[in-house]
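Below is the file protein_15.cif, which contains mmCIF, C-alpha atoms and all ligand atoms.
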```
data_structure
loop_
_atom_site.label_atom_id
_atom_site.label_comp_id
_atom_site.auth_asym_id
_atom_site.auth_seq_id
_atom_site.Cartn_x
_atom_site.Cartn_y
_atom_site.Cartn_z
CA MET A 1 82.75 98.25 70.52
CA SER A 2 85.36 97.54 73.13
CA GLY A 3 87.39 94.48 72.21
CA VAL A 4 90.56 94.02 74.21
CA LEU A 5 93.83 93.06 72.53
CA PHE A 6 97.11 92.34 74.31
CA GLN A 7 99.93 91.64 71.88
CA SER A 8 103.24 90.25 73.17
CA VAL A 9 103.01 92.40 76.27
CA GLU A 10 105.98 92.56 78.58
CA LEU A 11 105.66 94.27 81.93
CA SER A 12 108.52 95.02 84.27
CA TYR A 13 108.68 97.14 87.39
CA GLY A 14 112.30 98.28 87.34
CA ARG A 15 114.35 95.11 87.02
CA HIS A 16 111.47 92.94 88.21
CA GLN A 17 109.90 91.30 85.15
CA ILE A 18 106.27 90.36 85.86
CA TYR A 19 105.55 88.78 82.44
CA HIS A 20 107.34 88.80 79.15
CA ASP A 21 104.85 87.62 76.51
CA LEU A 22 101.20 88.06 77.34
CA SER A 23 98.88 87.88 74.32
CA PHE A 24 95.12 87.49 74.25
CA SER A 25 92.08 88.97 72.58
CA LEU A 26 88.66 89.45 74.07
CA GLU A 27 85.70 90.28 71.88
CA ASP A 28 82.92 92.77 72.54
CA GLY A 29 80.35 91.49 75.00
CA GLN A 30 82.60 88.79 76.45
CA ILE A 31 83.86 88.18 79.96
CA GLY A 32 87.60 87.59 80.22
CA ALA A 33 89.45 86.32 83.29
CA ILE A 34 93.03 87.03 84.25
CA TYR A 35 93.67 84.02 86.42
CA GLY A 36 96.60 83.20 88.66
CA PRO A 37 98.03 83.19 92.16
CA SER A 38 98.76 86.27 94.19
CA ARG A 39 101.41 88.76 92.95
CA THR A 40 101.59 87.37 89.42
CA GLY A 41 100.51 90.69 87.92
CA LYS A 42 96.75 90.27 87.53
CA SER A 43 95.84 93.76 88.75
CA SER A 44 98.58 95.17 86.54
CA VAL A 45 96.77 93.73 83.50
CA LEU A 46 93.74 95.81 84.44
CA LEU A 47 95.94 98.89 84.80
CA LEU A 48 97.38 98.24 81.34
CA ALA A 49 93.86 97.89 79.91
CA SER A 50 92.74 101.14 81.54
CA GLY A 51 95.76 103.12 80.38
CA HIS A 52 97.02 103.76 83.90
CA LEU A 53 100.13 101.73 83.11
CA LEU A 54 102.12 101.36 79.89
CA PRO A 55 103.63 98.03 78.82
CA THR A 56 107.42 97.76 78.86
CA LYS A 57 107.12 96.12 75.43
CA GLY A 58 104.27 95.03 73.19
CA ASP A 59 100.92 96.63 72.55
CA VAL A 60 97.57 97.01 74.26
CA ARG A 61 94.52 98.04 72.22
CA ILE A 62 90.97 98.65 73.31
CA ASP A 63 88.61 98.70 70.36
CA GLY A 64 91.64 99.19 68.15
CA GLN A 65 92.71 102.31 70.05
CA LYS A 66 95.21 103.07 72.77
CA PRO A 67 93.58 102.55 76.20
CA ASP A 68 91.61 105.57 77.36
CA LYS A 69 90.85 106.04 81.07
CA LYS A 70 87.51 107.65 80.23
CA ARG A 71 86.20 104.66 78.29
CA VAL A 72 86.62 102.11 81.05
CA GLY A 73 84.72 101.50 84.25
CA LEU A 74 86.85 100.62 87.26
CA GLY A 75 85.01 98.69 89.78
CA PRO A 76 86.75 98.36 92.16
CA ILE A 77 90.48 97.88 91.63
CA THR A 78 92.68 97.76 94.71
CA ASP A 79 94.58 101.01 95.24
CA LEU A 80 93.16 102.64 92.12
CA SER A 81 89.42 102.81 92.64
CA PRO A 82 88.76 101.64 96.18
CA LEU A 83 85.35 101.89 97.76
CA PHE A 84 85.46 104.76 100.24
CA ASP A 85 84.18 103.44 103.54
CA THR A 86 82.96 106.78 104.80
CA LEU A 87 80.68 107.58 101.84
CA THR A 88 77.18 106.21 101.62
CA VAL A 89 76.28 103.98 98.70
CA GLU A 90 74.41 106.84 97.04
CA GLU A 91 77.17 109.39 97.69
CA HIS A 92 79.63 106.95 96.19
CA LEU A 93 77.73 106.77 92.92
CA LEU A 94 77.11 110.51 92.84
CA PHE A 95 80.79 111.22 93.48
CA GLN A 96 81.79 109.06 90.51
CA ALA A 97 79.05 110.54 88.35
CA ARG A 98 80.31 114.06 89.04
CA LEU A 99 83.90 112.97 88.48
CA HIS A 100 82.88 111.75 85.01
CA HIS A 101 80.67 114.78 84.32
CA VAL A 102 77.66 112.53 83.79
CA ARG A 103 74.67 114.55 82.64
CA LYS A 104 71.58 114.27 84.85
CA ALA A 105 73.83 112.58 87.41
CA LYS A 106 71.11 112.17 90.05
CA ASP A 107 68.78 110.42 87.60
CA ARG A 108 71.56 108.11 86.46
CA VAL A 109 72.39 107.25 90.08
CA GLN A 110 68.73 106.49 90.89
CA GLU A 111 68.55 104.28 87.80
CA LEU A 112 71.58 102.27 88.97
CA LEU A 113 70.35 102.05 92.58
CA ARG A 114 67.14 100.53 91.20
CA GLU A 115 68.87 98.22 88.74
CA TYR A 116 71.21 96.78 91.37
CA GLN A 117 68.62 96.71 94.16
CA LEU A 118 70.56 99.16 96.28
CA GLU A 119 67.68 101.50 97.10
CA ASP A 120 67.18 100.13 100.63
CA VAL A 121 70.85 100.61 101.50
CA ARG A 122 71.48 103.85 99.63
CA LYS A 123 71.88 105.88 102.85
CA TYR A 124 74.24 103.34 104.46
CA ARG A 125 77.95 103.81 104.47
CA VAL A 126 79.66 101.34 102.14
CA LYS A 127 81.50 99.64 105.00
CA ASP A 128 78.18 98.88 106.72
CA VAL A 129 76.42 97.08 103.85
CA PRO A 130 76.66 93.34 103.17
CA HIS A 131 79.33 92.07 100.78
CA LEU A 132 76.96 91.50 97.86
CA GLU A 133 75.75 95.08 98.11
CA GLN A 134 79.37 96.23 98.33
CA PHE A 135 80.08 94.33 95.12
CA ARG A 136 77.01 95.88 93.49
CA THR A 137 78.03 99.35 94.68
CA GLY A 138 81.42 98.82 93.05
CA LEU A 139 79.82 97.59 89.86
CA ALA A 140 77.26 100.39 89.71
CA THR A 141 80.05 102.89 90.35
CA ALA A 142 81.99 101.48 87.42
CA LEU A 143 78.94 101.80 85.17
CA VAL A 144 77.91 105.30 86.06
CA HIS A 145 79.32 106.84 82.85
CA ARG A 146 78.23 103.88 80.69
CA PRO A 147 81.72 102.64 79.75
CA PRO A 148 81.93 99.91 77.09
CA LEU A 149 84.66 98.06 79.07
CA VAL A 150 84.43 97.21 82.76
CA LEU A 151 87.46 96.11 84.80
CA ILE A 152 87.00 94.31 88.12
CA ASP A 153 89.59 93.00 90.56
CA GLU A 154 88.61 89.65 92.14
CA PRO A 155 84.82 90.13 92.11
CA GLU A 156 84.30 86.96 94.15
CA ARG A 157 86.33 88.25 97.08
CA GLY A 158 84.31 88.20 100.34
CA LEU A 159 81.23 86.63 98.74
CA THR A 160 79.61 83.33 99.73
CA ASN A 161 78.98 80.84 96.90
CA ASP A 162 75.33 81.91 96.70
CA GLU A 163 76.28 85.59 96.61
CA TRP A 164 78.87 84.89 93.92
CA GLU A 165 76.14 83.24 91.80
CA ILE A 166 74.14 86.48 91.97
CA ALA A 167 77.21 88.60 91.25
CA TYR A 168 78.09 86.36 88.30
CA GLU A 169 74.56 86.81 86.90
CA ASP A 170 75.03 90.59 87.21
CA LEU A 171 78.21 90.34 85.14
CA ARG A 172 76.67 87.99 82.58
CA LYS A 173 73.68 90.29 82.18
CA LEU A 174 76.09 93.14 81.58
CA SER A 175 78.01 91.22 78.93
CA ASP A 176 74.77 90.01 77.30
CA GLY A 177 73.93 93.70 76.97
CA GLY A 178 77.12 94.21 74.94
CA SER A 179 79.57 95.41 77.60
CA THR A 180 82.96 93.77 77.77
CA VAL A 181 84.16 92.65 81.19
CA LEU A 182 87.75 91.91 82.18
CA LEU A 183 88.18 90.54 85.69
CA THR A 184 90.93 88.99 87.78
CA THR A 185 90.57 85.92 89.92
CA VAL A 186 92.60 83.46 91.96
CA LEU A 187 89.87 80.81 91.66
CA GLN A 188 89.70 78.34 88.79
CA GLN A 189 85.94 77.88 89.25
CA VAL A 190 85.47 81.60 88.60
CA ALA A 191 87.81 81.57 85.58
CA ASP A 192 86.01 78.53 84.15
CA ARG A 193 82.76 80.50 83.82
CA CYS A 194 84.32 83.23 81.72
CA ASP A 195 84.56 83.26 77.93
CA LEU A 196 88.33 83.57 77.89
CA VAL A 197 91.03 82.83 80.45
CA ALA A 198 94.57 84.23 80.38
CA ALA A 199 96.62 82.51 83.08
CA LEU A 200 99.55 84.11 84.84
CA PRO A 201 102.46 83.88 85.23
CA ASN A 202 102.91 81.73 82.08
CA GLY A 203 100.46 83.57 79.80
CA GLU A 204 98.58 80.43 78.72
CA VAL A 205 95.23 81.32 77.14
CA TRP A 206 92.13 79.18 76.71
CA ARG A 207 88.39 79.51 76.10
CA PRO A 208 86.45 77.36 78.63
N1 LIG B 1 104.04 100.25 91.21
C1 LIG B 1 104.77 99.15 91.43
N2 LIG B 1 106.10 99.21 91.58
C2 LIG B 1 106.85 98.12 91.78
N3 LIG B 1 106.35 96.87 91.86
C3 LIG B 1 105.03 96.73 91.73
C4 LIG B 1 104.17 97.87 91.51
N4 LIG B 1 102.89 97.41 91.39
C5 LIG B 1 102.97 96.06 91.54
N5 LIG B 1 104.22 95.67 91.74
C6 LIG B 1 104.68 94.27 91.94
O1 LIG B 1 104.28 93.53 90.80
C7 LIG B 1 103.84 92.23 91.17
C8 LIG B 1 102.46 91.99 90.62
O2 LIG B 1 101.54 92.88 91.25
P1 LIG B 1 99.99 92.84 90.95
O3 LIG B 1 99.31 93.62 92.05
O4 LIG B 1 99.71 93.25 89.56
O5 LIG B 1 99.70 91.26 91.11
P2 LIG B 1 98.34 90.53 91.49
O6 LIG B 1 98.43 89.19 90.85
O7 LIG B 1 97.17 91.37 91.17
O8 LIG B 1 98.48 90.37 93.06
P3 LIG B 1 97.33 90.20 94.16
O9 LIG B 1 96.54 88.98 93.79
O10 LIG B 1 98.13 90.02 95.42
O11 LIG B 1 96.53 91.47 94.12
C9 LIG B 1 103.93 92.16 92.68
O12 LIG B 1 105.11 91.50 93.03
C10 LIG B 1 103.98 93.61 93.10
O13 LIG B 1 104.70 93.78 94.29
#
```

Starting from the coordinates I provided, produce the structure as structure tokens.
Amino acid sequence: MSGVLFQSVELSYGRHQIYHDLSFSLEDGQIGAIYGPSRTGKSSVLLLASGHLLPTKGDVRIDGQKPDKKRVGLGPITDLSPLFDTLTVEEHLLFQARLHHVRKAKDRVQELLREYQLEDVRKYRVKDVPHLEQFRTGLATALVHRPPLVLIDEPERGLTNDEWEIAYEDLRKLSDGGSTVLLTTVLQQVADRCDLVAALPNGEVWRP
């Protein structure tokens, strides 16, 4: 279970109010989109959901509980969980697995490399693999400790339309398996394919 609930959330950085009344609820196994132009606070919503940031007012609940960094997969979020260019794809996954004290880390990493068709590029540095494989490395990294909630910043970034279709299928497969996915996007066509959209800066919410 990993439903996401934002209740009358206000977020300010100092005197700079980013939003004052953001409310939405995302059920288990759904994909939610935080949609809006640049600098409207989309990434901050992910940080609120992961517990890295506290709301100025209002409440954020994940599965009825306060957000817990250990129960979310971050993959990748600018500045918080970047892909490290100098690590290979495999090292990247192993690093995250060790960070999360995953048991049988090497087996788990091999499982993910297989699942996301990364075996051929596992020895390549992340910066040297194509964008789709970079996306999949980020996703696999987020999943290494089997979190019920996965947070992703602009998954479509850098992908061609065809690559985005494949990436979208990866996310849908994940949600069909019961994981909840919360992503950000600047593109309406990406938001439209999610189960719930919360638009910033006005906080309008709809279910496409
Ligand atoms: N730690 C911080 N301290 C002060 N201001 C911040 C901080 N983090 C973000 N901001 C400001 O809050 C606003 C929203 O930032 P955020 O990164 O959440 O938006 P975003 O919609 O994800 O932007 P982008 O699409 O450009 O990544 C921006 O104006 C940003 O400069």

Nearby polymer residues, ligand LIG 1 (chain B), at most 8 Å, only C-alpha atoms and all ligand atoms, as a list of chain:residue names: A:Ser12, A:Tyr13, A:Gly14, A:His16, A:Ile18, A:Gly36, A:Pro37, A:Ser38, A:Arg39, A:Thr40, A:Gly41, A:Lys42, A:Ser43, A:Ser44, A:Val45, A:Thr78, A:Asp153, A:Thr184, A:Thr185, A:Val186, A:Leu200

Save the residues we just selected, C-alpha atoms, as a tab-separated table (two decimals), in the coordinates of the input?
```
chain	number	residue	atom	x	y	z
A	12	SER	CA	108.52	95.02	84.27
A	13	TYR	CA	108.68	97.14	87.39
A	14	GLY	CA	112.30	98.28	87.34
A	16	HIS	CA	111.47	92.94	88.21
A	18	ILE	CA	106.27	90.36	85.86
A	36	GLY	CA	96.60	83.20	88.66
A	37	PRO	CA	98.03	83.19	92.16
A	38	SER	CA	98.76	86.27	94.19
A	39	ARG	CA	101.41	88.76	92.95
A	40	THR	CA	101.59	87.37	89.42
A	41	GLY	CA	100.51	90.69	87.92
A	42	LYS	CA	96.75	90.27	87.53
A	43	SER	CA	95.84	93.76	88.75
A	44	SER	CA	98.58	95.17	86.54
A	45	VAL	CA	96.77	93.73	83.50
A	78	THR	CA	92.68	97.76	94.71
A	153	ASP	CA	89.59	93.00	90.56
A	184	THR	CA	90.93	88.99	87.78
A	185	THR	CA	90.57	85.92	89.92
A	186	VAL	CA	92.60	83.46	91.96
A	200	LEU	CA	99.55	84.11	84.84
```

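In this comparison, which uses only C-alpha atoms, the residue of A:Glu10, A:Asp195, A:Asp28, A:Asp120 approaching Asp59 of chain A most closely is A:Glu10.
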
Residue nearest His92 of chain A - candidates A:Asp170, A:Gly138, A:Pro148, A:Asp63, atoms counted: only C-alpha atoms: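 Closest to His92 of chain A, using only C-alpha atoms: A:Gly138.
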
Residues within 10 Å of (90.0, 101.7, 83.5), counting all atoms listed in the file, listed as a PyMOL selection string: chain A and resi 46-52+67-77+80-81+142+147+149-152

Sphere at (78.6, 112.7, 84.5), radius 12 Å, counting all atoms listed in the file: residues as a count of residues only: 24

A:Arg114, A:Val4, A:Val129, A:Thr88 ranked by distance to Gly32 of chain A, top pick (using all atoms listed in the file):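 The answer is A:Val4, which sits nearest to Gly32 of chain A.
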
Atom CA of Asp192 of chain A to atom CA of Gly158 of chain A, straight-line distance in Å: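 Interatomic distance, atom CA of Gly158 of chain A to atom CA of Asp192 of chain A: 18.9 Å.
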